[in-house]
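As provided, target.cif (mmCIF, C-alpha atoms) reads as follows.
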```cif
data_upload
#
loop_
_atom_site.label_atom_id
_atom_site.label_comp_id
_atom_site.auth_asym_id
_atom_site.auth_seq_id
_atom_site.Cartn_x
_atom_site.Cartn_y
_atom_site.Cartn_z
CA ARG A 1065 0.00 0.00 0.00
CA PHE A 1066 2.09 2.83 -1.32
CA ASP A 1067 1.49 5.76 -3.65
CA ASN A 1068 4.78 6.91 -5.11
CA GLU A 1069 3.29 10.27 -6.11
CA LEU A 1070 2.59 11.10 -2.46
CA TRP A 1071 6.02 9.85 -1.37
CA GLU A 1072 7.69 12.18 -3.87
CA GLU A 1073 5.67 15.08 -2.48
CA LEU A 1074 6.43 14.28 1.16
CA LYS A 1075 10.22 14.07 0.85
CA PRO A 1076 10.92 17.74 0.04
CA ARG A 1077 8.14 18.79 2.43
CA MET A 1078 9.96 17.02 5.26
CA ARG A 1079 13.22 18.69 4.29
CA ASP A 1080 11.63 22.14 4.13
CA ALA A 1081 10.06 21.59 7.56
CA GLY A 1082 13.53 21.10 9.05
CA MET A 1083 13.30 17.36 9.53
CA ASN A 1084 16.55 15.42 9.22
CA MET A 1085 15.70 11.72 9.44
CA VAL A 1086 13.22 9.23 7.98
CA ILE A 1087 12.58 5.78 9.47
CA ILE A 1088 11.60 3.38 6.68
CA ASP A 1089 9.47 0.43 7.82
CA LEU A 1090 10.64 -2.11 5.24
CA GLY A 1091 8.66 -5.22 6.15
CA GLU A 1092 7.85 -7.38 3.15
CA ALA A 1093 8.16 -4.45 0.73
CA VAL A 1094 11.73 -5.18 -0.42
CA LYS A 1095 12.91 -8.01 -2.66
CA TYR A 1096 15.54 -9.29 -0.26
CA GLN A 1097 18.23 -11.29 -1.99
CA SER A 1098 18.80 -13.42 1.11
CA HIS A 1099 15.11 -14.39 1.36
CA PRO A 1100 13.19 -13.87 -1.89
CA GLU A 1101 10.27 -15.83 -0.40
CA ILE A 1102 9.34 -12.94 1.92
CA PRO A 1103 8.48 -9.92 -0.28
CA VAL A 1104 5.08 -9.23 -1.78
CA VAL A 1105 4.61 -9.14 -5.55
CA ASP A 1106 5.07 -5.38 -6.00
CA ALA A 1107 7.97 -5.02 -3.56
CA TRP A 1108 10.84 -2.67 -4.42
CA GLU A 1109 13.98 -4.05 -6.01
CA VAL A 1110 17.07 -3.56 -3.85
CA ASP A 1111 18.57 -1.23 -6.46
CA HIS A 1112 15.45 0.95 -6.32
CA LEU A 1113 15.66 1.14 -2.53
CA LYS A 1114 19.32 2.13 -2.77
CA LYS A 1115 18.41 4.97 -5.15
CA GLU A 1116 15.75 6.18 -2.69
CA ILE A 1117 18.29 6.04 0.14
CA ALA A 1118 20.73 8.10 -1.91
CA HIS A 1119 18.04 10.65 -2.78
CA LEU A 1120 17.01 11.03 0.86
CA ARG A 1121 20.60 11.69 1.81
CA GLN A 1122 20.88 14.32 -0.91
CA LEU A 1123 17.85 16.03 0.63
CA GLY A 1124 19.49 16.00 4.07
CA LEU A 1125 17.15 13.28 5.35
CA GLU A 1126 19.05 10.44 7.01
CA PRO A 1127 17.41 7.10 6.08
CA ILE A 1128 17.09 4.59 8.92
CA PRO A 1129 15.80 1.02 8.43
CA LYS A 1130 13.11 -0.55 10.58
CA LEU A 1131 12.10 -4.20 10.78
CA ASN A 1132 9.68 -4.93 13.60
CA PHE A 1133 10.54 -8.29 15.14
CA SER A 1134 7.82 -8.14 17.80
CA ALA A 1135 5.76 -11.34 17.55
CA THR A 1136 2.70 -9.07 17.52
CA HIS A 1137 3.91 -7.19 14.43
CA ASP A 1138 5.89 -9.71 12.40
CA LEU A 1139 3.31 -10.90 9.88
CA TRP A 1140 5.66 -9.46 7.24
CA LEU A 1141 7.97 -12.43 7.95
CA GLY A 1142 5.45 -14.75 6.31
CA LYS A 1143 5.87 -18.38 7.31
CA TYR A 1144 8.71 -17.46 9.66
CA SER A 1145 6.30 -15.54 11.88
CA ARG A 1146 5.07 -18.99 12.93
CA MET A 1147 8.60 -20.24 13.63
CA VAL A 1148 9.53 -17.71 16.32
CA SER A 1149 12.51 -18.73 18.51
CA THR A 1150 13.53 -21.67 16.32
CA PRO A 1151 16.97 -22.06 14.71
CA GLU A 1152 15.47 -21.28 11.29
CA TYR A 1153 13.86 -18.13 12.63
CA TYR A 1154 17.11 -16.93 14.16
CA GLN A 1155 18.94 -17.47 10.88
CA VAL A 1156 16.33 -15.56 8.87
CA CYS A 1157 16.43 -12.61 11.29
CA THR A 1158 20.22 -12.54 11.11
CA ASP A 1159 20.23 -12.74 7.32
CA LEU A 1160 17.73 -9.89 6.96
CA ILE A 1161 19.47 -7.57 9.42
CA ASN A 1162 22.81 -8.21 7.74
CA GLU A 1163 21.39 -7.56 4.27
CA VAL A 1164 19.53 -4.42 5.29
CA CYS A 1165 22.63 -3.01 7.00
CA ASP A 1166 24.50 -3.63 3.77
CA ILE A 1167 21.78 -1.97 1.66
CA PHE A 1168 21.81 1.10 3.92
CA ASP A 1169 25.62 1.08 4.04
CA LYS A 1170 25.96 0.69 7.81
CA PRO A 1171 23.16 2.97 9.03
CA ARG A 1172 23.73 4.82 12.30
CA PHE A 1173 20.60 3.21 13.76
CA PHE A 1174 18.48 0.13 13.11
CA HIS A 1175 14.95 0.15 14.53
CA LEU A 1176 13.93 -3.33 15.74
CA GLY A 1177 10.37 -2.47 16.84
CA MET A 1178 9.69 -4.98 19.64
CA ASP A 1179 6.52 -3.27 20.88
CA GLU A 1180 3.21 -4.63 22.18
CA GLU A 1181 4.25 -8.28 22.49
CA THR A 1182 1.54 -9.14 25.00
CA TYR A 1183 -1.48 -11.39 24.85
CA GLN A 1184 -3.76 -8.37 25.24
CA HIS A 1185 -2.52 -7.07 21.88
CA CYS A 1186 -3.20 -10.41 20.19
CA THR A 1187 -6.75 -11.17 21.34
CA HIS A 1188 -8.16 -10.88 17.81
CA PHE A 1189 -5.38 -12.85 16.12
CA GLU A 1190 -5.99 -16.31 14.68
CA TYR A 1191 -2.47 -17.36 15.64
CA VAL A 1192 -0.94 -16.00 18.85
CA VAL A 1193 2.77 -15.92 19.71
CA VAL A 1194 4.00 -14.13 22.84
CA ARG A 1195 7.51 -14.54 24.19
CA GLN A 1196 8.00 -13.98 27.91
CA PHE A 1197 10.65 -13.98 30.63
CA ASP A 1198 14.12 -15.17 29.59
CA LEU A 1199 13.03 -16.11 26.07
CA TRP A 1200 12.01 -12.53 25.23
CA TRP A 1201 15.33 -11.25 26.48
CA HIS A 1202 17.29 -13.99 24.72
CA ASP A 1203 15.72 -13.19 21.35
CA PHE A 1204 15.85 -9.44 21.84
CA LEU A 1205 19.54 -9.42 22.79
CA LYS A 1206 20.30 -11.72 19.87
CA LEU A 1207 18.79 -9.12 17.52
CA VAL A 1208 20.68 -6.30 19.25
CA ASN A 1209 23.98 -8.18 18.95
CA THR A 1210 23.38 -8.73 15.23
CA VAL A 1211 22.71 -5.03 14.69
CA GLU A 1212 25.76 -4.01 16.69
CA SER A 1213 27.98 -6.51 14.85
CA ASN A 1214 27.13 -4.54 11.70
CA GLY A 1215 28.34 -1.31 13.26
CA SER A 1216 24.86 0.15 13.89
CA LYS A 1217 23.02 1.16 17.07
CA ALA A 1218 19.85 -0.76 17.96
CA TRP A 1219 16.69 1.31 18.45
CA ILE A 1220 13.41 0.05 19.93
CA TRP A 1221 9.97 1.01 21.13
CA SER A 1222 10.25 1.20 24.92
CA ASP A 1223 6.84 -0.03 26.09
CA TYR A 1224 8.35 -3.17 27.66
CA ILE A 1225 9.27 -0.87 30.54
CA TRP A 1226 5.59 -0.12 31.25
CA ASN A 1227 4.96 -3.58 32.70
CA HIS A 1228 8.49 -4.70 33.60
CA PRO A 1229 10.42 -1.71 34.98
CA GLU A 1230 12.70 -3.79 37.23
CA LEU A 1231 13.68 -6.24 34.49
CA PHE A 1232 14.16 -3.39 32.08
CA GLU A 1233 16.55 -1.64 34.45
CA GLU A 1234 18.41 -4.89 35.11
CA ARG A 1235 18.75 -6.22 31.56
CA MET A 1236 18.30 -3.48 28.96
CA PRO A 1237 21.71 -2.46 27.54
CA LYS A 1238 22.47 1.25 27.78
CA SER A 1239 23.62 1.04 24.16
CA VAL A 1240 20.02 0.64 22.90
CA LEU A 1241 18.27 3.84 21.81
CA GLN A 1242 14.83 4.16 23.41
CA SER A 1243 11.58 5.50 21.94
CA ASN A 1244 8.80 5.58 24.47
CA TRP A 1245 5.51 6.62 22.87
CA TYR A 1246 2.38 8.33 24.08
CA TYR A 1247 -0.37 9.71 21.84
CA GLY A 1248 -2.66 11.45 24.34
CA ASP A 1249 -2.87 15.03 25.57
CA GLU A 1250 -2.58 14.66 29.35
CA PHE A 1251 1.08 15.05 30.28
CA GLY A 1252 2.53 14.64 33.75
CA GLU A 1253 4.71 12.19 35.68
CA GLU A 1254 1.59 10.62 37.18
CA ALA A 1255 0.34 9.56 33.72
CA GLU A 1256 1.21 5.87 33.27
CA TYR A 1257 2.77 5.99 29.80
CA VAL A 1258 4.27 9.46 30.23
CA ASN A 1259 6.02 8.28 33.38
CA ALA A 1260 8.25 6.09 31.21
CA TYR A 1261 9.99 9.21 29.87
CA HIS A 1262 10.93 10.10 33.44
CA LEU A 1263 12.04 6.57 34.27
CA LEU A 1264 14.17 6.22 31.14
CA ASP A 1265 15.82 9.54 31.95
CA LYS A 1266 16.46 8.47 35.55
CA LEU A 1267 18.08 5.25 34.28
CA GLY A 1268 20.31 7.16 31.87
CA TYR A 1269 19.10 5.94 28.47
CA ASP A 1270 19.35 7.90 25.26
CA GLN A 1271 15.82 8.79 24.13
CA VAL A 1272 13.87 9.80 21.05
CA PRO A 1273 10.36 10.52 22.42
CA THR A 1274 7.59 9.67 20.00
CA GLY A 1275 4.36 11.50 19.25
CA SER A 1276 1.62 11.08 16.66
CA ASN A 1277 -1.26 12.84 14.98
CA TYR A 1278 -3.08 9.52 14.64
CA SER A 1279 -5.75 10.45 17.17
CA ILE A 1280 -4.92 13.87 18.67
CA PRO A 1281 -3.63 16.67 16.44
CA THR A 1282 -1.77 18.43 19.26
CA ASN A 1283 0.11 15.40 20.60
CA PHE A 1284 3.43 15.87 18.84
CA GLU A 1285 3.83 19.49 19.88
CA LEU A 1286 2.82 18.63 23.45
CA THR A 1287 5.36 15.78 23.46
CA VAL A 1288 8.18 18.06 22.32
CA ASP A 1289 7.26 20.74 24.83
CA TYR A 1290 7.05 18.30 27.75
CA CYS A 1291 9.99 16.01 27.04
CA SER A 1292 12.39 18.83 26.18
CA LYS A 1293 11.91 20.03 29.76
CA ILE A 1294 12.17 16.76 31.69
CA ILE A 1295 14.85 14.78 29.79
CA ALA A 1296 18.54 15.55 30.26
CA PRO A 1297 19.77 17.48 27.17
CA ASP A 1298 22.66 15.07 26.55
CA LYS A 1299 20.23 12.11 26.56
CA LEU A 1300 17.54 13.71 24.38
CA LYS A 1301 18.53 12.71 20.84
CA GLY A 1302 15.52 14.05 18.95
CA PHE A 1303 11.81 13.46 18.43
CA MET A 1304 9.90 11.10 16.16
CA GLN A 1305 6.56 11.79 14.51
CA THR A 1306 4.53 8.68 13.68
CA PRO A 1307 1.40 9.33 11.56
CA TRP A 1308 0.47 5.60 11.49
CA LYS A 1309 -1.33 5.90 8.17
CA ALA A 1310 -0.30 4.15 4.98
CA THR A 1311 1.51 6.24 2.37
CA LEU A 1312 -1.62 6.56 0.23
CA ASN A 1313 -3.10 9.58 -1.50
CA LYS A 1314 -6.30 9.30 0.52
CA TYR A 1315 -4.24 10.09 3.64
CA ARG A 1316 -2.35 13.00 2.04
CA ASP A 1317 -3.81 15.64 4.36
CA HIS A 1318 -2.97 13.51 7.41
CA HIS A 1319 0.69 13.18 6.39
CA LEU A 1320 1.03 16.85 5.51
CA ALA A 1321 -0.48 17.78 8.88
CA ALA A 1322 2.06 15.54 10.62
CA ILE A 1323 4.91 17.36 8.91
CA GLU A 1324 3.43 20.77 9.71
CA GLN A 1325 3.20 19.79 13.38
CA VAL A 1326 6.90 18.92 13.40
CA GLU A 1327 7.76 22.26 11.82
CA ARG A 1328 5.72 24.19 14.40
CA ALA A 1329 7.25 22.26 17.29
CA ARG A 1330 10.77 22.76 15.93
CA LYS A 1331 10.33 26.49 15.51
CA LYS A 1332 8.90 26.81 19.01
CA LEU A 1333 11.74 24.79 20.48
CA GLU A 1334 14.35 26.86 18.67
CA GLY A 1335 12.67 30.04 19.89
#
```

Can you turn what I pasted into structure tokens?
Amino acid sequence: RFDNELWEELKPRMRDAGMNMVIIDLGEAVKYQSHPEIPVVDAWEVDHLKKEIAHLRQLGLEPIPKLNFSATHDLWLGKYSRMVSTPEYYQVCTDLINEVCDIFDKPRFFHLGMDEETYQHCTHFEYVVVRQFDLWWHDFLKLVNTVESNGSKAWIWSDYIWNHPELFEERMPKSVLQSNWYYGDEFGEEAEYVNAYHLLDKLGYDQVPTGSNYSIPTNFELTVDYCSKIIAPDKLKGFMQTPWKATLNKYRDHHLAAIEQVERARKKLEG
């Protein structure tokens, strides 16, 4: 689900708004040479993706790959999404991370997703996979090690900390970039999901707080305003806007509004 015409319009708009990075959720939309069984019919050729990466860099937009390995969001893996934590699964994950790092020419960051892997997020699924306890950590750290072996920094959604703050503090490497996310409009340390920004700061993690215009138009600007005040400047690495709509012409206004919100927040932050 991708309209190239809209994509071509959004790229310079992002640049003009002062944005400097684009996270590309690759999924099954690339014809991986290591696993040609994964991509959909109309997936991009690797050479086409490389040209897009080069163009983004020319525009001053740093391209960052994302493959979400959460068992709640890994349908893109096809048959391998039903082989989680098996030797074959581990090999496929390693192959894909290695290939993507090569395609992006050793990106600074590699977003691994890893959000919402709970039964509550799978209640409407026909096939449910949820890793817990040591198995979740084993698989997660295996992915992190593969990313780091390619010279990149692992980046994840931080919501694991919501339900497991003690384990997170004990086992989450400080090398992993954290993106807590909250899409509401009530900010304060007492708010359950907002509190994670405070906790991550207390624990000393690098953060990229994440907002969205998916449900509340003011969320991104509120996120920037709040987090820029409560996170240590040397640990605040930027902000991410996540529209959570497909890149389709029917959502054009939604995407343009997301970019405009970033521009307003940036100008306010810069004074």

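Across the model, the gap from atom CA of Val1240 of chain A to atom CA of Pro1129 of chain A is 15.1 Å.
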
Using only C-alpha atoms, the best pick from A:Leu1267, A:Val1164, A:Glu1126, A:Asn1283 as closest to Thr1210 of chain A would be A:Val1164

Counting all atoms listed in the file, which residue out of A:Val1211, A:Val1148, A:Val1258, A:Leu1263 sits closest to Ser1239 of chain A? A:Val1211

Using the chain letters and numbers from the file, give me the residues hit by the PyMOL selection byres ((chain A and resi 1209) around 12), as an MDAnalysis selection string. chainID A and resid 1157:1158 1161:1162 1174 1176 1201:1208 1210:1219 1237 1239:1240

I'd like the interatomic distance between atom CA of Gln1305 of chain A and atom CA of Lys1170 of chain A, to a tenth of an Å.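 Atom CA of Gln1305 of chain A sits 23.3 Å away from atom CA of Lys1170 of chain A.
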
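Within 9 Å of the file-frame point (-1.9, 3.1, -2.4), and using all atoms listed in the file, the polymer residues found are Arg1065, Phe1066, Asp1067, Asn1068, Ala1310, Thr1311, Leu1312, Asn1313 and Lys1314 of chain A.
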
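Here, the PyMOL selection byres ((chain A and resi 1088-1104) around 8) matches Val1086, Ile1087, Val1105, Asp1106, Ala1107, Trp1108, Glu1109, Val1110, Leu1113, Pro1127, Ile1128, Pro1129, Lys1130, Leu1131, Asn1132, Trp1140, Leu1141, Gly1142, Val1156, Asp1159, Leu1160 and Glu1163 of chain A.
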
Given the file shown, determine the residues that the PyMOL selection byres ((chain A and resi 1245) around 7) selects; report them as a PyMOL selection string. chain A and resi 1243-1244+1246-1247+1273-1275

Computed gap from atom CA of Lys1143 of chain A to atom CA of Glu1190 of chain A is 14.1 Å

Hey, which of A:Leu1070, A:Leu1123, A:Ile1167, A:Ile1117 ends up closest to Asn1084 of chain A? Count all atoms listed in the file. A:Leu1123

Which of these, A:Glu1334, A:Tyr1183, A:Met1085, A:His1188, has the shortest distance to Phe1303 of chain A once you count all atoms listed in the file? A:Met1085

With all atoms listed in the file as the atoms that count, which of A:Leu1264, A:Ala1255, A:His1175, A:Glu1324 lies nearest to Met1236 of chain A?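 Of the candidates, the smallest distance to Met1236 of chain A is held by A:Leu1264.
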
Just give me the residues with any atom within 12 Å of (-1.6, -10.8, 20.1), file coordinates, counting only C-alpha atoms, written as an MDAnalysis selection string. chainID A and resid 1134:1139 1179:1195

Please determine an axis-aligned box that encloses all atoms of segment 1170-1186 of chain A listed in the file, with 8 Å added on each side, and express its centre and edge lengths in Å to one decimal as AutoDock Vina command-line options.
```
--center_x 11.1 --center_y -3.3 --center_z 16.5 --size_x 45.7 --size_y 32.2 --size_z 33.4
```

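Using all atoms listed in the file, the nearest neighbour of Phe1173 of chain A within the list A:Ala1296, A:Val1326, A:Leu1074, A:Ile1220 is A:Ile1220.
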